[in-house]
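S.K.: One structure coming up, written as structure tokens, with questions to follow.
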Amino acid sequence: MSELLPAIELGFREHFGSKAVHITRAPGRVNLIGEHTDYNDGFVLPCAVEYHTLVAISPRDDREVHTLALDWDGQTDSFSLDSSIAFHETQMWSNYVRGVCVEMLARGHQLSGCNIAITGNVPQGAGLSSSAALEVALASAMAAQFGVEIAPVDLALIGQAAENNFVGCACGIMDQLISATGREHFAVAIDCRDLSLTPQAIPSSLALMIVNSNVQRGLVDSEYNTRRQQCEAAAAHFGLSSLRDLTLAEFNKREQELDPVVAKRTRHVLEENQRVHDTQIALASNDIAAVSALMKASHNSMRDLFEITTPQIDSLVGILAGVAGEHGGVRMTGGGFGGCVVALLAKERVATAIEAVESQYHVQTGLDPTIYLTRPSAGVSLVR
Ligand code: GAF
């Protein structure tokens with residue numbers, strides 16, 4: 001974060017010719033367990049990470065929004081708040097700015113013209129929620145600039161709505177909500193129905209390691225949206241508004257009524273919700289062997305039932321699980337089809353894990369991994 005602040009201050013001043021008035025910072029996230037449960041009104045256990053997106057902002061005299069994206073080769077975008085805000089067909093990052101403005105206006109927030117610069121170090125397209133961090137940092141910067149109080153949960157809802165309605169990904173609330181409400185040193189258990197938050201300490205014997213598979217992610221949004229539709233179809237079959245209200249006992253009795261693929265998706269969601277609760281208990285009681293078993297079961301379920309892993313991700317999980325044994329947990333994290341693996345590893349095994357990943361992953365897959373060691377970090381904040 002320390003190097004990002006001077007970079008955005010300088011970039012802003014050079015491009016817009018004046019100093020930014022406010023700067024906000026929002027983190028990416030890693031999810032420890034509870035995958036594809038958020039949009040089923042279920043449970044998740046993410047933490048914010050020490051990688052951030054920064055947004056700098058200052059007012060303009062007109063009604064235009066001018067944006068500079070420092071990490072996308074200094075690309076720029078501008079649009080008026082007075083005419084209908086259209087989807088940008090070639091610059092995807094612009095749509096997060098545009099979508100957040102649309103959603104803030106729709107909620108009655110009085111926006112006016114502003115200059116915006118964006119930078120950050122959340123790995124892009126790695127499943128660590130760089131887009132949620134951008135949305136939350138943007139909404140928070142605009143709230144600061146235009147003098148509106150917006151609660152963290154509402155910043156998250158604005159970000160999610162921008163993604164759902166403008167960008168076109170039917171994501172749940174997890175990523176934006178943890179980016180808005182993350183807590184230093186803690187994971188946060190989220191009930192995605194009532195959006196209640198419960199901090200969850202991670203045993204001090206464990207290190208938080210993330211490994212990017214660097215798998216080129218394709219068709220992520222369409223596959224993601226298909227999974228969501230399958231879950232909604234299952235809930236509708238049982239006359240429910242979401243899978244949250246389906247018990248495992250009822251599902252076991254009536255599983256045959258569902259299309260077999262839909263049944264697999266449903267089982268994943270129901271069992272994954274239970275695993276989130278069990279993981280909270282295991283972490284609270286320092287039962288690392290149980291954490292290990294639960295993360296393994298979660299990964300296997302994503303591989304076999306939800307079918308969102310890839311051979312490279314499975315291979316990375318295998319390498320890390322071989323080092324962790326019963327002394328840590330390993331699983332794919334995030335929406336799937338590539339992205340990252342998360343490991344909660346006994347600290348004394350970290351060096352061996354790094355060595356194992358570096359020596360085996362490329363041989364097995366032809367890809368080079370990127371390793372991040374991080375800690376649970378705080379949610380969005382106003383830097384100044
Ligand atoms: C993506 C989505 F954005 C989240 O809402 C969540 O569904 C996750 O995939 C899977 O758990 O990150």
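Residue numbers start at 1 in each chain; chains themselves are named A, B, ... in the order of the structure tokens; ligands are numbered from 1 in the order shown.
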Apply DSSP to the structure's backbone, then extract all residues of range 76-250 of chain A labelled alpha helix (DSSP H) and return them as a ChimeraX atom specification.
M.R.: /A:92-106,130-145,152-161,174-181,220-237,248-250
S.K.: Using only C-alpha atoms, determine which residues lie at most 6 Å from Thr333 in chain A, disregarding the query and same-chain residues fewer than 6 positions distant; provide the list as a PyMOL selection string.
M.R.: chain A and resi 31+340-342
S.K.: From the set A:Tyr39, A:Ile354, A:Gln91, A:Leu134, which residue has the shortest atom-to-atom contact distance to Cys231 in chain A, counting only C-alpha atoms?
M.R.: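 Closest to Cys231 in chain A, using only C-alpha atoms: A:Tyr39.
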S.K.: Between CA of Pro203 in chain A and CA of Ala48 in chain A, what is the distance in Å, rounded to a tenth?
M.R.: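 Value for the CA of Pro203 in chain A-CA of Ala48 in chain A distance: 16.6 Å.
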S.K.: Would you list the residues that come within 9 Å of ligand 1? Count only C-alpha atoms and all ligand atoms and give the answer as a PyMOL selection string.
M.R.: chain A and resi 29+31+33-40+44+127-129+131-132+160+163+169-176+224+228+333-336
S.K.: Which of these residues is nearest to Ala235 in chain A, using only C-alpha atoms: A:Met209, A:Cys192, A:Val269, A:Val357?
M.R.: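 Of A:Met209, A:Cys192, A:Val269, A:Val357, the one nearest Ala235 in chain A, counting only C-alpha atoms, is A:Val269.
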S.K.: Could you pull out the residues in range 18-239 of chain A that DSSP calls strand (DSSP E) from the backbone, as a ChimeraX atom specification?
M.R.: /A:22-33,43-59,64-69,75-80,114-120,186-191,196-201,206-212
S.K.: Using only C-alpha atoms, please write the residues we just selected to a file, as a compact mmCIF listing (two decimals), in the first residue's frame.
M.R.:
```txt
# COMPACT_ATOMS: atom_id res chain seq x y z
CA HIS A 22 -9.82 12.56 -1.22
CA ILE A 23 -8.21 9.16 -1.57
CA THR A 24 -9.91 5.91 -0.59
CA ARG A 25 -8.54 2.41 -0.33
CA ALA A 26 -10.42 -0.90 -0.55
CA PRO A 27 -8.94 -4.40 -0.29
CA GLY A 28 -9.29 -7.54 -2.36
CA ARG A 29 -10.35 -10.71 -0.57
CA VAL A 30 -9.68 -14.38 -0.18
CA ASN A 31 -12.47 -16.73 0.80
CA LEU A 32 -11.48 -19.42 3.32
CA ILE A 33 -14.61 -21.51 2.79
CA PHE A 43 -22.81 -18.54 4.57
CA VAL A 44 -19.24 -17.56 3.66
CA LEU A 45 -15.98 -17.06 5.56
CA PRO A 46 -13.72 -14.63 3.70
CA CYS A 47 -11.09 -12.19 4.84
CA ALA A 48 -9.84 -9.00 3.23
CA VAL A 49 -6.20 -9.19 2.11
CA GLU A 50 -3.28 -6.76 2.13
CA TYR A 51 -3.69 -5.89 -1.55
CA HIS A 52 -5.69 -2.79 -2.34
CA THR A 53 -7.30 -0.56 -4.92
CA LEU A 54 -6.88 3.18 -4.43
CA VAL A 55 -9.19 5.81 -5.83
CA ALA A 56 -8.31 9.52 -5.82
CA ILE A 57 -11.00 12.11 -6.52
CA SER A 58 -11.56 15.86 -6.82
CA PRO A 59 -14.55 17.92 -7.96
CA GLU A 64 -18.69 15.14 -16.27
CA VAL A 65 -16.79 12.24 -14.75
CA HIS A 66 -13.23 11.97 -16.06
CA THR A 67 -11.26 8.90 -15.08
CA LEU A 68 -7.61 7.92 -15.40
CA ALA A 69 -6.69 4.23 -14.98
CA GLN A 75 -6.22 4.81 -20.33
CA THR A 76 -8.88 7.43 -19.77
CA ASP A 77 -12.65 7.61 -19.88
CA SER A 78 -15.18 10.40 -19.62
CA PHE A 79 -18.96 10.60 -19.59
CA SER A 80 -21.68 13.01 -18.56
CA CYS A 114 -15.40 14.81 -10.71
CA ASN A 115 -11.91 13.74 -11.71
CA ILE A 116 -10.91 10.25 -10.66
CA ALA A 117 -7.65 8.29 -10.75
CA ILE A 118 -7.38 4.57 -10.02
CA THR A 119 -4.45 2.38 -9.11
CA GLY A 120 -3.88 -0.75 -7.05
CA PHE A 186 -9.84 -11.65 11.45
CA ALA A 187 -11.78 -13.56 8.87
CA VAL A 188 -15.46 -12.57 8.83
CA ALA A 189 -18.32 -15.05 8.78
CA ILE A 190 -21.14 -13.54 6.73
CA ASP A 191 -24.75 -14.62 6.73
CA SER A 196 -24.75 -10.04 9.62
CA LEU A 197 -21.01 -10.24 10.23
CA THR A 198 -19.16 -12.33 12.81
CA PRO A 199 -15.39 -11.85 13.18
CA GLN A 200 -13.53 -15.15 13.29
CA ALA A 201 -9.99 -15.33 14.65
CA LEU A 206 -1.37 -20.66 10.85
CA ALA A 207 -0.06 -18.59 7.94
CA LEU A 208 -2.35 -17.37 5.16
CA MET A 209 -0.91 -18.27 1.79
CA ILE A 210 -2.48 -17.70 -1.61
CA VAL A 211 -1.16 -19.19 -4.83
CA ASN A 212 -2.29 -17.87 -8.19
```
S.K.: Set out as a tab-separated table a contact list for range 58-147 of chain A and range 361-376 of chain A with a cut-off of 12 Å, giving each residue of range 58-147 of chain A that qualifies its closest atom pair and distance in Å to one decimal, counting only C-alpha atoms, ordered by chain and rising residue number.
M.R.:
```
residue	atom	partner	partner_atom	distance
A:Asn121	CA	A:Tyr372	CA	11.8
A:Val122	CA	A:Tyr372	CA	10.9
A:Pro123	CA	A:Thr370	CA	9.9
A:Ala126	CA	A:Thr370	CA	10.2
A:Leu128	CA	A:Tyr372	CA	11.3
```
S.K.: Mind dumping the selected residues with N, CA and C atoms as a PDB file, in the first residue's frame?
M.R.:
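Final output, out_12.pdb:
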```pdb
ATOM      1  N   ASN A 121      -2.922  -2.805  -6.333  1.00  0.00           N
ATOM      2  CA  ASN A 121      -2.065  -3.986  -6.489  1.00  0.00           C
ATOM      3  C   ASN A 121      -2.823  -5.287  -6.251  1.00  0.00           C
ATOM      4  N   VAL A 122      -4.159  -5.257  -6.315  1.00  0.00           N
ATOM      5  CA  VAL A 122      -4.906  -6.514  -6.243  1.00  0.00           C
ATOM      6  C   VAL A 122      -4.695  -7.217  -7.585  1.00  0.00           C
ATOM      7  N   PRO A 123      -4.166  -8.439  -7.576  1.00  0.00           N
ATOM      8  CA  PRO A 123      -3.937  -9.104  -8.863  1.00  0.00           C
ATOM      9  C   PRO A 123      -5.227  -9.146  -9.698  1.00  0.00           C
ATOM     10  N   ALA A 126      -7.548 -12.742 -11.018  1.00  0.00           N
ATOM     11  CA  ALA A 126      -6.996 -13.882 -10.286  1.00  0.00           C
ATOM     12  C   ALA A 126      -8.005 -14.461  -9.301  1.00  0.00           C
ATOM     13  N   LEU A 128      -9.308 -12.717  -6.851  1.00  0.00           N
ATOM     14  CA  LEU A 128      -9.109 -12.092  -5.539  1.00  0.00           C
ATOM     15  C   LEU A 128      -9.913 -10.792  -5.420  1.00  0.00           C
TER      16      LEU A 128
END
```
S.K.: Counting only C-alpha atoms, give me one row per residue of range 263-300 of chain A with an atom at most 10 Å from an atom of range 237-251 of chain A, showing the shortest contact pair and its distance in Å to one decimal, sorted by chain then residue number, as a Markdown table.
M.R.:
```
| residue | atom | partner | partner_atom | distance |
| --- | --- | --- | --- | --- |
| A:Ala263 | CA | A:Phe251 | CA | 8.7 |
| A:Thr266 | CA | A:Leu243 | CA | 7.6 |
| A:Arg267 | CA | A:Leu248 | CA | 7.8 |
| A:Val269 | CA | A:Leu243 | CA | 7.6 |
| A:Leu270 | CA | A:Leu248 | CA | 6.3 |
| A:Glu271 | CA | A:Leu248 | CA | 7.6 |
| A:Asn273 | CA | A:Arg244 | CA | 8.5 |
| A:Gln274 | CA | A:Leu248 | CA | 9.5 |
```
S.K.: What's around Ala297 in chain A at 12 Å? Count only C-alpha atoms, leave out sequence neighbours fewer than 3 positions away in its own chain, and write the answer as a list in words.
M.R.: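 Result of the neighbour search: Ile33, Gly34, Glu35, His268, Glu271, Glu272, Gln274, Arg275, Val276, Asp278, Thr279, Ala290, Val291, Ser292, Ala293, Leu294, Asn300, Ser301, Met302, Arg303, Asp304, Leu305, Val317, Gly329, Val330, Arg331 and Met332 of chain A.
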S.K.: Interatomic distance between CA of Ala7 in chain A and CA of Phe166 in chain A?
M.R.: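 Separating CA of Ala7 in chain A from CA of Phe166 in chain A is a distance of 29.2 Å.
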S.K.: Taking only C-alpha atoms into account, name the residue in A:Thr181, A:Ala151, A:Ala162, A:Trp72 that is nearest to Phe87 in chain A.
M.R.: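 Using only C-alpha atoms, Phe87 in chain A sits closest to A:Ala162.
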S.K.: Considering only C-alpha atoms, state which residue in the set A:Ala139, A:Glu348, A:Gly125, A:Ile308 is at the smallest distance from Ala324 in chain A.
M.R.: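 The closest residue to Ala324 in chain A is A:Glu348.
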S.K.: Can you pull out the residues contacting His327 in chain A? Cut-off 8 Å, using only C-alpha atoms, and skip same-chain residues under 6 positions away; I want them as a list in words.
M.R.: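 The contact residues come out as Ile288, Ala289, Ser292, Leu345 and Ala346 of chain A.
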